[in-house]
$ cat model22.cif   # mmCIF, C-alpha atoms
data_structure
loop_
_atom_site.label_atom_id
_atom_site.label_comp_id
_atom_site.auth_asym_id
_atom_site.auth_seq_id
_atom_site.Cartn_x
_atom_site.Cartn_y
_atom_site.Cartn_z
CA MET A 1 63.91 62.95 79.13
CA GLU A 2 65.61 66.34 78.98
CA ARG A 3 65.72 68.71 81.92
CA THR A 4 65.27 72.39 81.39
CA PHE A 5 66.84 74.91 83.73
CA PRO A 6 66.04 78.59 83.98
CA LEU A 7 68.70 80.78 82.37
CA ALA A 8 69.59 82.40 85.70
CA ARG A 9 70.33 78.98 87.20
CA LEU A 10 72.55 78.06 84.26
CA THR A 11 74.54 81.28 84.61
CA ASP A 12 75.00 80.54 88.33
CA ILE A 13 76.23 77.05 87.50
CA LEU A 14 78.59 78.43 84.86
CA ALA A 15 79.98 81.01 87.30
CA ASP A 16 80.57 78.27 89.89
CA LEU A 17 82.36 76.14 87.31
CA ARG A 18 84.59 79.03 86.26
CA LYS A 19 85.47 79.71 89.90
CA GLU A 20 86.35 76.05 90.39
CA GLN A 21 88.42 76.12 87.20
CA SER A 22 90.47 79.07 88.41
CA MET A 23 91.10 77.38 91.78
CA LEU A 24 92.20 74.19 90.03
CA GLU A 25 94.50 76.12 87.70
CA ALA A 26 96.12 77.79 90.71
CA GLN A 27 96.62 74.40 92.36
CA LEU A 28 98.05 73.00 89.14
CA GLY A 29 100.59 75.84 89.02
CA LYS A 30 101.69 75.03 92.56
CA VAL A 31 102.01 71.33 91.73
CA ARG A 32 104.09 72.12 88.65
CA ASP A 33 106.34 74.41 90.70
CA ALA A 34 106.82 71.63 93.27
CA ILE A 35 107.67 69.11 90.55
CA ALA A 36 110.15 71.52 88.99
CA ALA A 37 111.79 72.13 92.36
CA LEU A 38 112.03 68.44 93.19
CA GLY A 39 113.17 67.57 89.68
CA GLY A 40 116.41 69.50 90.15
CA VAL A 41 115.36 72.46 88.02
CA ALA A 42 116.06 74.98 90.75
CA GLN A 43 116.70 77.91 88.44
CA ASP A 44 113.40 77.45 86.64
CA TYR A 45 111.70 77.17 90.01
CA LYS A 46 113.34 80.38 91.23
CA ARG A 47 112.32 82.17 88.04
CA ARG A 48 108.71 81.07 88.47
CA GLN A 49 108.73 82.17 92.09
CA ALA A 50 110.15 85.56 91.06
CA VAL A 51 107.44 85.98 88.44
CA ARG A 52 104.77 84.96 90.93
CA SER A 53 106.09 87.38 93.59
CA ALA A 54 106.41 90.15 90.99
CA LYS A 55 102.76 89.68 90.09
CA THR A 56 101.85 89.84 93.77
CA VAL A 57 103.77 93.07 94.25
CA ALA A 58 102.20 94.59 91.15
CA ARG A 59 98.76 93.60 92.36
CA ASN A 60 99.29 95.17 95.78
CA ALA A 61 101.27 98.21 94.62
CA ARG A 62 98.25 100.48 94.21
CA ARG A 63 97.91 101.74 97.76
CA MET A 64 96.84 105.17 98.86
CA THR A 65 99.22 107.44 100.67
CA ALA A 66 98.19 109.08 103.94
CA ALA A 67 97.61 112.35 102.09
CA GLN A 68 95.36 110.63 99.54
CA ARG A 69 93.36 108.97 102.32
CA ALA A 70 92.96 112.33 104.08
CA GLU A 71 91.77 113.89 100.81
CA VAL A 72 89.20 111.14 100.26
CA SER A 73 88.06 111.46 103.87
CA LYS A 74 87.58 115.21 103.47
CA ARG A 75 85.56 114.74 100.27
CA MET A 76 83.38 112.06 101.82
CA LYS A 77 82.70 114.14 104.94
CA LYS A 78 81.62 117.00 102.70
CA TYR A 79 79.44 114.63 100.64
CA TRP A 80 77.68 113.18 103.69
CA ALA A 81 77.21 116.60 105.26
CA GLU A 82 75.45 117.72 102.08
CA ARG A 83 73.30 114.58 102.13
CA ARG A 84 72.29 115.16 105.76
CA LYS A 85 71.52 118.81 104.98
CA ALA A 86 69.34 117.83 102.01
CA LYS A 87 67.55 115.19 104.07
CA ALA A 88 66.86 117.73 106.84
CA LYS A 89 65.27 120.11 104.31
CA ALA A 90 62.95 117.39 103.02
#
$ encode --input "model22.cif" --output "structure tokens"
Amino acid sequence: MERTFPLARLTDILADLRKEQSMLEAQLGKVRDAIAALGGVAQDYKRRQAVRSAKTVARNARRMTAAQRAEVSKRMKKYWAERRKAKAKA
């Protein structure tokens, strides 16, 4: 007897499986790094750590300066003031 699932449920299940896959891949990378370090391949381990930290820096490098934050704040205050003004008219 075959079960039928709604398409939305299947996409939810697929998304959960992909999330689990990415977590397992991250764990596998850590296990491989540990094996390389314990196996006496210190240079390879250091290279992998450097690549991993470089990726982390690149991921976090896009930060706003104080001037950029002030500019965004000014624009948003203007935006919300216009929204409040329009709402008051209505």
$ closest_residue --input "model22.cif" --among "A:Leu24, A:Gln49, A:Asp16, A:Arg9" --to "A:Ala36" --atoms "all atoms listed in the file"
A:Gln49
$ atom_distance --input "model22.cif" --atom1 "atom CA of A:Val31" --atom2 "atom CA of A:Ala50"
16.4 Å
$ atom_distance --input "model22.cif" --atom1 "atom CA of A:Arg63" --atom2 "atom CA of A:Arg18"
28.7 Å
$ atom_distance --input "model22.cif" --atom1 "atom CA of A:Ala86" --atom2 "atom CA of A:Lys74"
18.5 Å
